[in-house]
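Structure data follow from coords28.cif (mmCIF, C-alpha atoms and all ligand atoms):
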data_structure
#
loop_
_atom_site.label_atom_id
_atom_site.label_comp_id
_atom_site.auth_asym_id
_atom_site.auth_seq_id
_atom_site.Cartn_x
_atom_site.Cartn_y
_atom_site.Cartn_z
CA MET A 21 -18.42 18.21 30.70
CA THR A 22 -20.12 21.53 31.57
CA LEU A 23 -18.24 24.51 33.03
CA LEU A 24 -20.35 26.51 35.48
CA TYR A 25 -19.37 30.14 36.13
CA LYS A 26 -20.34 31.62 39.50
CA ALA A 27 -18.89 35.09 39.98
CA ASP A 28 -19.55 38.62 38.72
CA PRO A 29 -22.41 38.18 36.18
CA GLU A 30 -21.17 40.95 33.85
CA ARG A 31 -17.78 39.32 33.51
CA GLY A 32 -19.56 36.00 33.24
CA LYS A 33 -21.10 37.20 29.99
CA GLN A 34 -17.61 37.90 28.63
CA TRP A 35 -16.48 34.43 29.72
CA ALA A 36 -19.52 32.94 27.96
CA GLN A 37 -18.63 34.69 24.69
CA LEU A 38 -15.00 33.64 24.94
CA PHE A 39 -15.93 30.03 25.65
CA ALA A 40 -18.42 30.01 22.73
CA HIS A 41 -15.64 31.25 20.48
CA LYS A 42 -12.63 29.30 21.79
CA ALA A 43 -14.17 26.08 23.10
CA PRO A 44 -17.69 25.60 21.68
CA GLU A 45 -17.46 21.89 22.60
CA ILE A 46 -17.54 22.76 26.35
CA PRO A 47 -21.08 23.66 27.50
CA PHE A 48 -20.89 26.91 29.51
CA ARG A 49 -23.46 27.84 32.17
CA LEU A 50 -23.86 31.03 34.21
CA TRP A 51 -24.93 30.59 37.85
CA PRO A 52 -27.72 30.12 38.95
CA ASP A 53 -28.68 28.49 35.62
CA THR A 54 -26.79 25.25 36.32
CA GLY A 55 -28.67 23.06 33.82
CA ASP A 56 -28.21 19.41 34.84
CA PRO A 57 -26.04 19.71 38.00
CA ALA A 58 -24.69 16.19 37.38
CA ALA A 59 -23.12 17.38 34.10
CA VAL A 60 -21.03 20.10 35.80
CA ARG A 61 -17.38 18.98 35.98
CA PHE A 62 -15.74 22.41 36.22
CA LEU A 63 -16.67 25.37 38.38
CA ALA A 64 -15.13 28.83 37.91
CA ALA A 65 -16.05 30.80 41.00
CA TRP A 66 -15.15 33.54 43.45
CA GLN A 67 -17.17 31.55 46.01
CA PRO A 68 -18.43 28.01 45.42
CA PRO A 69 -22.06 27.28 46.25
CA GLU A 70 -22.81 25.97 49.73
CA ASP A 71 -22.26 22.24 50.08
CA PRO A 72 -20.67 21.77 46.62
CA ALA A 73 -20.49 17.97 47.04
CA ARG A 74 -24.27 17.81 47.13
CA THR A 75 -25.05 20.69 44.73
CA LEU A 76 -22.60 19.55 42.04
CA PRO A 77 -22.07 15.82 42.63
CA ASN A 78 -19.65 15.20 39.71
CA LEU A 79 -17.46 18.24 40.16
CA GLU A 80 -13.78 17.60 39.31
CA VAL A 81 -12.11 21.02 39.44
CA ILE A 82 -12.84 24.37 41.08
CA PHE A 83 -11.08 27.26 39.35
CA SER A 84 -10.81 30.38 41.48
CA VAL A 85 -11.48 33.45 39.34
CA GLY A 86 -8.93 35.24 41.54
CA ALA A 87 -5.29 34.68 42.47
CA GLY A 88 -6.30 33.99 46.08
CA ILE A 89 -8.42 31.09 47.31
CA ASP A 90 -8.88 32.14 50.96
CA GLN A 91 -12.50 33.11 50.19
CA PHE A 92 -13.29 29.41 49.64
CA ASP A 93 -14.56 27.30 52.49
CA LEU A 94 -12.71 24.13 51.51
CA SER A 95 -14.15 22.09 54.36
CA GLY A 96 -17.17 21.22 52.19
CA VAL A 97 -15.10 20.46 49.09
CA PRO A 98 -14.30 16.74 48.75
CA GLU A 99 -10.59 15.84 48.65
CA HIS A 100 -10.80 14.48 45.10
CA VAL A 101 -11.93 17.90 43.77
CA ALA A 102 -8.86 19.85 42.60
CA VAL A 103 -8.71 23.54 43.56
CA VAL A 104 -6.84 25.80 41.17
CA ARG A 105 -6.08 29.48 41.60
CA MET A 106 -5.84 32.00 38.78
CA ILE A 107 -2.41 32.44 37.28
CA GLU A 108 -2.78 34.73 34.30
CA PRO A 109 -0.85 37.72 32.97
CA GLY A 110 -3.67 40.28 33.43
CA ILE A 111 -3.64 39.93 37.24
CA VAL A 112 0.12 40.33 37.32
CA GLU A 113 0.12 43.42 35.11
CA GLY A 114 -2.59 45.12 37.19
CA MET A 115 -0.77 44.44 40.45
CA VAL A 116 2.56 45.67 39.11
CA GLU A 117 0.88 48.93 38.04
CA TYR A 118 -0.93 49.42 41.35
CA VAL A 119 2.05 48.76 43.58
CA THR A 120 4.44 50.77 41.41
CA GLN A 121 2.18 53.83 41.51
CA SER A 122 1.70 53.40 45.28
CA VAL A 123 5.44 53.16 45.96
CA LEU A 124 6.10 56.20 43.75
CA THR A 125 3.28 58.13 45.48
CA ILE A 126 5.01 57.54 48.81
CA HIS A 127 8.55 57.96 47.48
CA ARG A 128 7.75 61.32 45.80
CA ASP A 129 5.84 62.62 48.86
CA LEU A 130 2.42 62.95 47.20
CA PHE A 131 0.65 62.45 50.54
CA ASP A 132 2.51 65.49 51.90
CA TYR A 133 1.90 67.56 48.78
CA GLY A 134 -1.82 66.69 49.01
CA LEU A 135 -1.89 68.02 52.58
CA GLN A 136 0.11 71.10 51.56
CA GLN A 137 -2.34 71.74 48.71
CA GLN A 138 -5.28 71.75 51.12
CA GLN A 139 -3.48 74.54 53.01
CA ARG A 140 -2.45 76.37 49.79
CA VAL A 141 1.20 75.79 50.62
CA TRP A 142 3.68 75.87 47.69
CA ARG A 143 6.82 74.29 49.16
CA ALA A 144 9.29 71.85 47.64
CA LEU A 145 10.35 68.91 49.78
CA PRO A 146 13.80 67.33 49.42
CA VAL A 147 13.88 64.51 46.87
CA ARG A 148 15.45 61.26 48.08
CA PRO A 149 17.24 59.09 45.52
CA ALA A 150 15.42 55.82 44.91
CA ALA A 151 18.54 53.87 45.83
CA SER A 152 18.26 55.16 49.38
CA ARG A 153 14.62 54.04 49.71
CA ARG A 154 14.34 50.44 50.95
CA VAL A 155 11.30 48.64 49.60
CA GLY A 156 10.31 45.29 51.10
CA VAL A 157 7.68 42.86 49.84
CA LEU A 158 6.05 40.24 52.06
CA GLY A 159 5.45 37.30 49.70
CA LEU A 160 7.68 36.37 46.78
CA GLY A 161 5.19 34.45 44.67
CA MET A 162 3.70 35.26 41.29
CA LEU A 163 2.79 38.82 42.32
CA GLY A 164 5.52 39.74 44.82
CA SER A 165 8.30 38.72 42.46
CA ALA A 166 6.75 40.57 39.48
CA VAL A 167 6.35 43.73 41.56
CA LEU A 168 9.97 43.60 42.71
CA GLU A 169 11.22 43.00 39.18
CA ARG A 170 9.60 46.30 38.15
CA LEU A 171 10.55 48.31 41.27
CA ARG A 172 14.16 47.30 40.82
CA LEU A 173 14.19 49.19 37.50
CA PHE A 174 13.57 52.46 39.38
CA GLY A 175 16.68 51.81 41.46
CA PHE A 176 14.95 51.12 44.81
CA ALA A 177 16.82 48.95 47.30
CA CYS A 178 14.63 45.85 47.04
CA ALA A 179 14.05 42.98 49.44
CA GLY A 180 11.43 40.30 49.91
CA TRP A 181 10.31 37.73 52.46
CA SER A 182 8.84 34.30 51.84
CA ARG A 183 8.22 31.04 53.66
CA SER A 184 10.83 29.03 51.78
CA PRO A 185 14.15 30.42 50.46
CA ARG A 186 13.93 32.19 47.09
CA THR A 187 16.48 33.79 44.78
CA LEU A 188 15.51 36.81 42.71
CA PRO A 189 17.99 38.92 40.75
CA GLY A 190 18.79 42.20 42.52
CA VAL A 191 16.55 41.38 45.49
CA GLU A 192 17.76 40.66 49.02
CA CYS A 193 15.72 37.57 49.88
CA TYR A 194 14.74 36.64 53.43
CA ALA A 195 12.92 33.43 54.38
CA GLY A 196 11.05 32.12 57.38
CA ALA A 197 9.91 33.51 60.71
CA GLU A 198 13.48 33.80 62.00
CA ALA A 199 14.40 36.25 59.20
CA LEU A 200 11.34 38.50 59.52
CA ASP A 201 12.77 40.97 62.04
CA ALA A 202 15.89 41.62 59.96
CA PHE A 203 13.75 42.10 56.86
CA LEU A 204 11.49 44.60 58.66
CA ALA A 205 14.40 46.52 60.17
CA ARG A 206 15.71 47.36 56.68
CA THR A 207 12.33 48.27 55.11
CA ASP A 208 11.09 51.86 54.51
CA ILE A 209 8.09 50.90 52.35
CA LEU A 210 6.47 47.61 53.32
CA ILE A 211 4.14 45.90 50.84
CA CYS A 212 2.00 42.92 51.78
CA LEU A 213 1.45 40.39 49.01
CA LEU A 214 0.90 37.32 51.14
CA PRO A 215 -1.99 34.88 50.78
CA LEU A 216 -4.41 34.77 53.71
CA THR A 217 -3.73 31.59 55.70
CA GLU A 218 -3.81 30.67 59.37
CA ALA A 219 -0.13 31.70 59.51
CA THR A 220 -0.67 35.15 57.95
CA ARG A 221 -3.99 36.11 59.57
CA GLY A 222 -3.27 39.06 61.89
CA LEU A 223 0.45 39.01 61.03
CA LEU A 224 0.48 42.79 60.42
CA ASP A 225 0.13 43.81 64.04
CA ALA A 226 1.58 46.28 66.53
CA SER A 227 4.73 44.25 67.15
CA LEU A 228 5.43 43.95 63.42
CA PHE A 229 4.94 47.69 62.86
CA ALA A 230 7.22 48.46 65.81
CA LYS A 231 10.03 46.60 64.03
CA LEU A 232 9.86 48.88 60.98
CA PRO A 233 12.07 51.98 61.02
CA GLN A 234 10.49 55.22 62.26
CA GLY A 235 8.72 56.94 59.34
CA ALA A 236 8.15 53.78 57.28
CA SER A 237 5.08 53.43 55.07
CA PHE A 238 2.79 50.48 54.45
CA ILE A 239 0.86 49.19 51.44
CA ASN A 240 -1.64 46.33 51.82
CA VAL A 241 -2.65 44.55 48.65
CA GLY A 242 -2.91 41.11 50.29
CA ARG A 243 -6.05 40.57 52.36
CA GLY A 244 -7.82 42.66 55.01
CA PRO A 245 -7.73 40.08 57.84
CA GLN A 246 -3.92 40.02 57.70
CA LEU A 247 -3.97 43.51 59.26
CA ASP A 248 -4.76 44.60 62.80
CA GLN A 249 -6.46 47.83 61.69
CA GLN A 250 -6.29 49.47 65.12
CA ALA A 251 -2.56 48.74 65.35
CA LEU A 252 -2.05 50.52 62.04
CA LEU A 253 -4.07 53.54 63.20
CA ASP A 254 -2.04 53.69 66.42
CA ALA A 255 1.25 53.48 64.53
CA LEU A 256 0.13 56.28 62.15
CA ASP A 257 -1.17 58.48 64.95
CA ARG A 258 2.09 58.11 66.87
CA ALA A 259 3.87 59.00 63.60
CA HIS A 260 5.86 55.78 63.85
CA LEU A 261 4.41 55.01 60.42
CA ARG A 262 4.07 57.85 57.93
CA ASN A 263 1.52 56.67 55.33
CA ALA A 264 -0.63 53.70 54.43
CA ILE A 265 -2.20 52.72 51.14
CA LEU A 266 -4.84 50.04 51.59
CA ASP A 267 -6.56 48.19 48.76
CA VAL A 268 -8.04 45.56 51.07
CA ALA A 269 -9.90 45.86 54.37
CA ASP A 270 -11.90 43.85 56.86
CA PRO A 271 -14.81 43.94 56.31
CA GLU A 272 -15.14 45.01 52.71
CA PRO A 273 -16.57 47.58 52.36
CA LEU A 274 -15.56 49.28 55.60
CA PRO A 275 -18.47 50.77 57.58
CA PRO A 276 -18.98 54.52 56.92
CA GLU A 277 -17.79 55.48 60.41
CA HIS A 278 -14.43 53.67 60.08
CA PRO A 279 -11.51 56.06 60.75
CA PHE A 280 -9.61 54.90 57.64
CA TRP A 281 -12.08 56.78 55.40
CA THR A 282 -11.02 60.18 56.67
CA HIS A 283 -7.50 59.63 57.99
CA PRO A 284 -5.14 62.11 56.31
CA ARG A 285 -2.38 59.52 56.12
CA VAL A 286 -4.48 56.68 54.70
CA ARG A 287 -5.45 56.17 51.09
CA LEU A 288 -8.13 53.56 50.40
CA THR A 289 -9.14 51.79 47.21
CA PRO A 290 -11.97 49.25 46.99
CA HIS A 291 -10.02 46.03 46.32
CA ILE A 292 -9.18 46.97 42.75
CA ALA A 293 -5.39 46.57 42.73
CA SER A 294 -5.72 43.91 40.09
CA ALA A 295 -8.40 41.70 38.65
CA THR A 296 -8.56 38.72 36.38
CA ARG A 297 -8.95 39.69 32.73
CA PRO A 298 -11.43 37.41 30.98
CA GLU A 299 -9.51 37.39 27.66
CA THR A 300 -6.39 35.94 29.23
CA ALA A 301 -8.05 34.01 32.06
CA VAL A 302 -10.18 31.88 29.73
CA ASP A 303 -7.05 30.72 27.87
CA VAL A 304 -5.50 29.60 31.15
CA VAL A 305 -8.66 27.76 32.23
CA LEU A 306 -8.86 26.01 28.86
CA GLU A 307 -5.20 25.01 29.08
CA ASN A 308 -5.88 23.61 32.57
CA ILE A 309 -8.93 21.67 31.37
CA ARG A 310 -6.71 20.11 28.67
CA ARG A 311 -4.05 19.29 31.25
CA HIS A 312 -6.62 17.78 33.59
CA ARG A 313 -7.97 15.58 30.79
CA ASP A 314 -4.44 14.50 29.84
CA GLY A 315 -3.50 13.74 33.45
CA LEU A 316 -0.93 16.57 33.53
CA PRO A 317 -0.43 18.92 36.52
CA MET A 318 -2.64 22.01 36.28
CA LEU A 319 -1.13 25.50 36.55
CA GLY A 320 -1.97 27.06 39.91
CA LEU A 321 -3.08 23.87 41.65
CA ILE A 322 -3.25 24.73 45.33
CA ASP A 323 -1.85 22.72 48.19
CA ARG A 324 -4.67 22.38 50.70
CA THR A 325 -2.39 21.62 53.62
CA ARG A 326 -0.37 24.80 53.01
CA GLY A 327 -3.55 26.83 52.45
CA TYR A 328 -2.36 28.57 49.26
P1 LIG A 401 1.66 33.02 45.52
O1 LIG A 401 1.04 31.81 46.09
O2 LIG A 401 2.27 32.94 44.15
O3 LIG A 401 2.80 33.56 46.49
C1 LIG A 401 2.62 33.65 47.87
C2 LIG A 401 3.94 34.05 48.51
O4 LIG A 401 3.70 34.25 49.92
C3 LIG A 401 5.02 32.97 48.39
O5 LIG A 401 6.27 33.56 48.20
C4 LIG A 401 4.95 32.28 49.77
O6 LIG A 401 6.15 31.68 50.20
C5 LIG A 401 4.64 33.46 50.65
N1 LIG A 401 4.05 33.00 51.91
C6 LIG A 401 2.90 32.32 52.11
N2 LIG A 401 2.72 32.06 53.41
C7 LIG A 401 3.79 32.58 54.06
C8 LIG A 401 4.20 32.64 55.41
N3 LIG A 401 3.47 32.09 56.38
N4 LIG A 401 5.37 33.24 55.69
C9 LIG A 401 6.13 33.78 54.72
N5 LIG A 401 5.80 33.77 53.41
C10 LIG A 401 4.64 33.18 53.09
O7 LIG A 401 0.55 34.18 45.58
P2 LIG A 401 0.39 35.43 44.61
O8 LIG A 401 1.66 36.18 44.54
O9 LIG A 401 -0.23 35.03 43.32
O10 LIG A 401 -0.75 36.26 45.38
C11 LIG A 401 -0.57 36.68 46.70
C12 LIG A 401 -1.87 37.22 47.25
O11 LIG A 401 -2.18 38.49 46.69
C13 LIG A 401 -3.14 36.42 46.97
O12 LIG A 401 -3.23 35.28 47.78
C14 LIG A 401 -4.22 37.43 47.27
O13 LIG A 401 -4.52 37.39 48.65
C15 LIG A 401 -3.55 38.76 46.95
N6 LIG A 401 -4.16 39.39 45.78
C16 LIG A 401 -4.75 40.61 45.93
C17 LIG A 401 -5.32 41.24 44.86
C18 LIG A 401 -5.91 42.60 45.00
O14 LIG A 401 -6.54 43.09 44.05
N7 LIG A 401 -5.73 43.27 46.12
C19 LIG A 401 -5.33 40.64 43.54
C20 LIG A 401 -4.66 39.38 43.47
C21 LIG A 401 -4.11 38.78 44.56
P3 LIG A 401 6.84 30.48 49.38
O15 LIG A 401 7.47 31.18 48.19
O16 LIG A 401 7.81 29.92 50.28
O17 LIG A 401 5.72 29.55 48.98
C1 LIG A 402 -7.59 38.00 43.75
C2 LIG A 402 -8.19 39.27 44.12
O1 LIG A 402 -7.27 37.18 44.62
O2 LIG A 402 -8.77 39.94 43.24
O3 LIG A 402 -7.42 37.77 42.54
O4 LIG A 402 -8.08 39.69 45.27
#
I'd like the structure from this file rewritten - as structure tokens, please.
Ligand code: NDP
Ligand code: OXD
Amino acid sequence: MTLLYKADPERGKQWAQLFAHKAPEIPFRLWPDTGDPAAVRFLAAWQPPEDPARTLPNLEVIFSVGAGIDQFDLSGVPEHVAVVRMIEPGIVEGMVEYVTQSVLTIHRDLFDYGLQQQQRVWRALPVRPAASRRVGVLGLGMLGSAVLERLRLFGFACAGWSRSPRTLPGVECYAGAEALDAFLARTDILICLLPLTEATRGLLDASLFAKLPQGASFINVGRGPQLDQQALLDALDRAHLRNAILDVADPEPLPPEHPFWTHPRVRLTPHIASATRPETAVDVVLENIRRHRDGLPMLGLIDRTRGY
């Protein structure tokens, strides 16, 4: 009943220590040291090995070490292998911090003050009350709903958009393609927290940006391929959009000549908005291994037909 870890090796060492301490009965292996491949029942990975059915013939569960699973090529993963994404409090906390600071950076005009500073300009800009700033989150899942719960406390006018109807306290909820335009029309700061699927690839394009109010800002913490990067540059250069904060890009890293690196209205971070914390993630994986053994539904089991 071996668990094989195949992701960042430094974090892998932390996982190994935690497994040795919390579940010494489960043999733990760090890729590429698989031991007997036939003994591997559980794989914790950012990307599974090529042809997992052949490489790990008795695999039962793949645990993503991230909240997303779009980086997996599931075509080579047999149907009977369960795929589980990471649902753990560390990822949520990191994302809430990142998005909150990004929204406040935009709300309190720190882009503009940064530009003023470069020109040695000491000038106060009018402060807008949070209640008049309309924040909108694409995706009302584990992360989108946690982000909105926090932003609401600052008094922002909060809304969110999801595939199926949701109800969140103090949040105007929109659902489905037919509600997207109305959601965009009322959004001053748009945050993407959607999973990457065939339906969301390229969703953030010129026509979507055109439906946002003049002067809106954009934060992408979902996935790079959801964004048409040229459409964003055009919208910024026409001043239809005011600022963008991007934690994800396509490709990652962006090539050195990419205009995002130097654009005065773009702030880039290298896909660090939030990350799984080994201390809390291992507990969730162990709980899921117990559930799997007991025939109970695992937390974060993904629906392959939906793609997330
Ligand atoms: P969830 O699966 O919990 O939530 C996804 C949400 O998106 C749901 O509300 C879902 O709708 C909605 N959604 C999915 N497809 C569509 C669609 N076609 N139209 C409208 N709404 C849609 O995901 P999480 O909140 O846990 O994570 C979201 C994403 O955040 C991850 O997939 C990953 O890409 C990204 N991420 C980025 C990180 C970073 O560091 N930048 C870190 C962690 C995650 P419904 O409620 O109806 O199912
Ligand atoms: C994730 C990520 O999906 O880090 O967890 O992007």
Spatial neighbours of Asp225 of chain A, 10 Å, only C-alpha atoms, chain gap at least 2 places, as a ChimeraX atom specification: /A:221-223,227-230,246-252,255
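The closest residue to ligand LIG 402 (chain A), picked from A:Ile265, A:Leu50, A:Leu171, A:Ala293 and counting only C-alpha atoms and all ligand atoms, is A:Ala293.
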Let me have the centre and edge lengths in Å, one decimal, of the box along x, y and z around every listed atom of ligand LIG 402 (chain A) with 5 Å of margin on each side, as AutoDock Vina command-line options.
--center_x -8.0 --center_y 38.6 --center_z 43.9 --size_x 11.5 --size_y 12.8 --size_z 12.7
Shortest interatomic distance to Thr325 of chain A - which of A:Leu204, A:Leu288, A:Leu94, A:Ala166, counting all atoms listed in the file: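 The answer is A:Leu94, which sits nearest to Thr325 of chain A.
Atom CA of Gly327 of chain A to atom CA of Thr217 of chain A spans 5.8 Å [interatomic distance, one decimal].
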Expected selection as a list in words for ligand LIG 402 (chain A) within 7 Å, all atoms listed in the file: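 After applying the 7 Å limit, what remains is Val85, Gly86, Ala87, Gly88, Ile89, Ile111, His291, Ser294, Ala295 and Thr296 of chain A.
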Protein and nucleic acid residues within 6 Å of ligand LIG 401 (chain A) (only C-alpha atoms and all ligand atoms) as a PyMOL selection string: chain A and resi 87-88+159-164+182-184+196+213-216+219-220+241-243+267-268+291-295+328
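Checking A:Val104, A:Ile239, A:Leu266, A:Val286 one by one against Phe62 of chain A, counting all atoms listed in the file, you find the shortest gap at A:Val104.
Note that atom CA of Leu63 of chain A and atom CA of Arg105 of chain A are 11.8 Å apart.
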